[in-house]
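*Asks:* Here it is, the structure in full.
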Amino acid sequence: MRLPSSGRRLIRGSITDITERKRSELLAIGERRVFERITGNVDLPATLEAIAETAERVTPTRSAP
């Protein structure tokens, strides 16, 4: 957003952290995938794989100290 100024060019910007929103979206997608496998009588290894993938996607990664 450009701001009024006498002779100077001022710009205002905003940054919004959407980390939690994205995490929630990934979790909802993963839950649907798992539920579809359970209700579709998909074999257990494929269902467990979907659970593990979902957990990996929504768990924050930690940097090594």
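The chains in the structure tokens are called A, B, ... from first to last as shown; in each chain the residues are counted from 1, and the ligands are counted from 1 in the order shown.
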Within 12 Å of Phe35 of chain A, counting only C-alpha atoms, which residues qualify if same-chain residues fewer than 2 places away don't, as a PDB file with N, CA, C and O atoms, in the first residue's frame?

*Replies:*
```pdb
ATOM      1  N   ALA A  28      -6.731 -32.070   7.602  1.00  0.00           N
ATOM      2  CA  ALA A  28      -8.070 -32.411   7.115  1.00  0.00           C
ATOM      3  C   ALA A  28      -7.987 -33.288   5.867  1.00  0.00           C
ATOM      4  O   ALA A  28      -8.739 -34.272   5.729  1.00  0.00           O
ATOM      5  N   ILE A  29      -7.075 -32.972   4.963  1.00  0.00           N
ATOM      6  CA  ILE A  29      -6.890 -33.790   3.752  1.00  0.00           C
ATOM      7  C   ILE A  29      -6.453 -35.195   4.143  1.00  0.00           C
ATOM      8  O   ILE A  29      -6.980 -36.191   3.633  1.00  0.00           O
ATOM      9  N   GLY A  30      -5.507 -35.284   5.056  1.00  0.00           N
ATOM     10  CA  GLY A  30      -5.025 -36.594   5.505  1.00  0.00           C
ATOM     11  C   GLY A  30      -6.113 -37.401   6.193  1.00  0.00           C
ATOM     12  O   GLY A  30      -6.227 -38.616   5.978  1.00  0.00           O
ATOM     13  N   GLU A  31      -6.909 -36.751   7.006  1.00  0.00           N
ATOM     14  CA  GLU A  31      -8.002 -37.455   7.680  1.00  0.00           C
ATOM     15  C   GLU A  31      -8.986 -38.032   6.666  1.00  0.00           C
ATOM     16  O   GLU A  31      -9.460 -39.164   6.823  1.00  0.00           O
ATOM     17  N   ARG A  32      -9.280 -37.257   5.627  1.00  0.00           N
ATOM     18  CA  ARG A  32     -10.189 -37.763   4.581  1.00  0.00           C
ATOM     19  C   ARG A  32      -9.597 -38.976   3.879  1.00  0.00           C
ATOM     20  O   ARG A  32     -10.300 -39.953   3.613  1.00  0.00           O
ATOM     21  N   ARG A  33      -8.297 -38.905   3.566  1.00  0.00           N
ATOM     22  CA  ARG A  33      -7.632 -40.041   2.903  1.00  0.00           C
ATOM     23  C   ARG A  33      -7.718 -41.307   3.767  1.00  0.00           C
ATOM     24  O   ARG A  33      -8.016 -42.386   3.265  1.00  0.00           O
ATOM     25  N   ARG A  37      -9.911 -44.833   3.063  1.00  0.00           N
ATOM     26  CA  ARG A  37      -9.294 -46.166   3.056  1.00  0.00           C
ATOM     27  C   ARG A  37     -10.008 -47.107   4.021  1.00  0.00           C
ATOM     28  O   ARG A  37     -10.212 -48.268   3.720  1.00  0.00           O
ATOM     29  N   ILE A  38     -10.368 -46.582   5.177  1.00  0.00           N
ATOM     30  CA  ILE A  38     -11.068 -47.420   6.163  1.00  0.00           C
ATOM     31  C   ILE A  38     -12.433 -47.841   5.632  1.00  0.00           C
ATOM     32  O   ILE A  38     -12.799 -49.016   5.693  1.00  0.00           O
ATOM     33  N   THR A  39     -13.193 -46.880   5.110  1.00  0.00           N
ATOM     34  CA  THR A  39     -14.535 -47.209   4.629  1.00  0.00           C
ATOM     35  C   THR A  39     -14.509 -47.993   3.322  1.00  0.00           C
ATOM     36  O   THR A  39     -15.483 -48.664   2.993  1.00  0.00           O
ATOM     37  N   GLY A  40     -13.400 -47.924   2.589  1.00  0.00           N
ATOM     38  CA  GLY A  40     -13.287 -48.655   1.327  1.00  0.00           C
ATOM     39  C   GLY A  40     -12.654 -50.027   1.482  1.00  0.00           C
ATOM     40  O   GLY A  40     -12.327 -50.670   0.489  1.00  0.00           O
ATOM     41  N   ASN A  41     -12.472 -50.464   2.726  1.00  0.00           N
ATOM     42  CA  ASN A  41     -11.864 -51.767   3.008  1.00  0.00           C
ATOM     43  C   ASN A  41     -10.509 -51.945   2.325  1.00  0.00           C
ATOM     44  O   ASN A  41     -10.168 -53.019   1.844  1.00  0.00           O
ATOM     45  N   VAL A  42      -9.726 -50.873   2.287  1.00  0.00           N
ATOM     46  CA  VAL A  42      -8.374 -50.939   1.746  1.00  0.00           C
ATOM     47  C   VAL A  42      -7.522 -51.712   2.741  1.00  0.00           C
ATOM     48  O   VAL A  42      -7.750 -51.665   3.946  1.00  0.00           O
ATOM     49  N   ALA A  46      -1.752 -50.152   3.512  1.00  0.00           N
ATOM     50  CA  ALA A  46      -2.019 -48.906   2.787  1.00  0.00           C
ATOM     51  C   ALA A  46      -2.681 -47.877   3.703  1.00  0.00           C
ATOM     52  O   ALA A  46      -2.388 -46.679   3.614  1.00  0.00           O
ATOM     53  N   THR A  47      -3.544 -48.330   4.581  1.00  0.00           N
ATOM     54  CA  THR A  47      -4.198 -47.429   5.527  1.00  0.00           C
ATOM     55  C   THR A  47      -3.181 -46.864   6.513  1.00  0.00           C
ATOM     56  O   THR A  47      -3.158 -45.668   6.790  1.00  0.00           O
ATOM     57  N   LEU A  48      -2.316 -47.732   7.027  1.00  0.00           N
ATOM     58  CA  LEU A  48      -1.284 -47.284   7.962  1.00  0.00           C
ATOM     59  C   LEU A  48      -0.312 -46.317   7.282  1.00  0.00           C
ATOM     60  O   LEU A  48       0.159 -45.360   7.897  1.00  0.00           O
ATOM     61  N   ALA A  50      -1.069 -44.221   4.905  1.00  0.00           N
ATOM     62  CA  ALA A  50      -1.766 -42.934   4.817  1.00  0.00           C
ATOM     63  C   ALA A  50      -1.719 -42.206   6.161  1.00  0.00           C
ATOM     64  O   ALA A  50      -1.551 -40.980   6.199  1.00  0.00           O
ATOM     65  N   ILE A  51      -1.847 -42.943   7.255  1.00  0.00           N
ATOM     66  CA  ILE A  51      -1.766 -42.339   8.589  1.00  0.00           C
ATOM     67  C   ILE A  51      -0.369 -41.780   8.821  1.00  0.00           C
ATOM     68  O   ILE A  51      -0.198 -40.643   9.283  1.00  0.00           O
ATOM     69  N   THR A  54       0.295 -38.629   6.766  1.00  0.00           N
ATOM     70  CA  THR A  54      -0.403 -37.483   7.340  1.00  0.00           C
ATOM     71  C   THR A  54       0.359 -36.955   8.552  1.00  0.00           C
ATOM     72  O   THR A  54       0.564 -35.747   8.684  1.00  0.00           O
TER      73      THR A  54
END
```

*Asks:* Write out as a PyMOL selection string all residues of chain A that backbone DSSP assigns to alpha helix (DSSP H).

*Replies:* chain A and resi 19-39+44-58

*Asks:* If you measure from atom CA of Ile18 of chain A to atom CA of Thr59 of chain A, what distance in Å do you get, rounded to one decimal?

*Replies:*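 Between atom CA of Ile18 of chain A and atom CA of Thr59 of chain A the gap is 15.2 Å.
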
*Asks:* Do you know which residues are at most 12 Å from Thr19 of chain A counting only C-alpha atoms, after dropping those on the same chain fewer than 6 positions away, and could you put them as a compact mmCIF listing (two decimals) with N, CA and C atoms, in the first residue's frame?

*Replies:*
```txt
# COMPACT_ATOMS: atom_id res chain seq x y z
N GLU A 25 -5.23 -27.52 7.18
CA GLU A 25 -5.70 -27.98 5.88
C GLU A 25 -5.09 -29.34 5.52
N LEU A 26 -3.77 -29.48 5.76
CA LEU A 26 -3.10 -30.76 5.49
C LEU A 26 -3.67 -31.88 6.35
N VAL A 58 2.06 -33.06 8.92
CA VAL A 58 1.56 -32.05 9.86
C VAL A 58 2.47 -31.84 11.07
N THR A 59 3.49 -32.68 11.22
CA THR A 59 4.41 -32.53 12.34
C THR A 59 5.51 -31.54 11.94
N PRO A 60 5.68 -30.49 12.71
CA PRO A 60 6.73 -29.53 12.37
C PRO A 60 8.11 -30.18 12.42
```
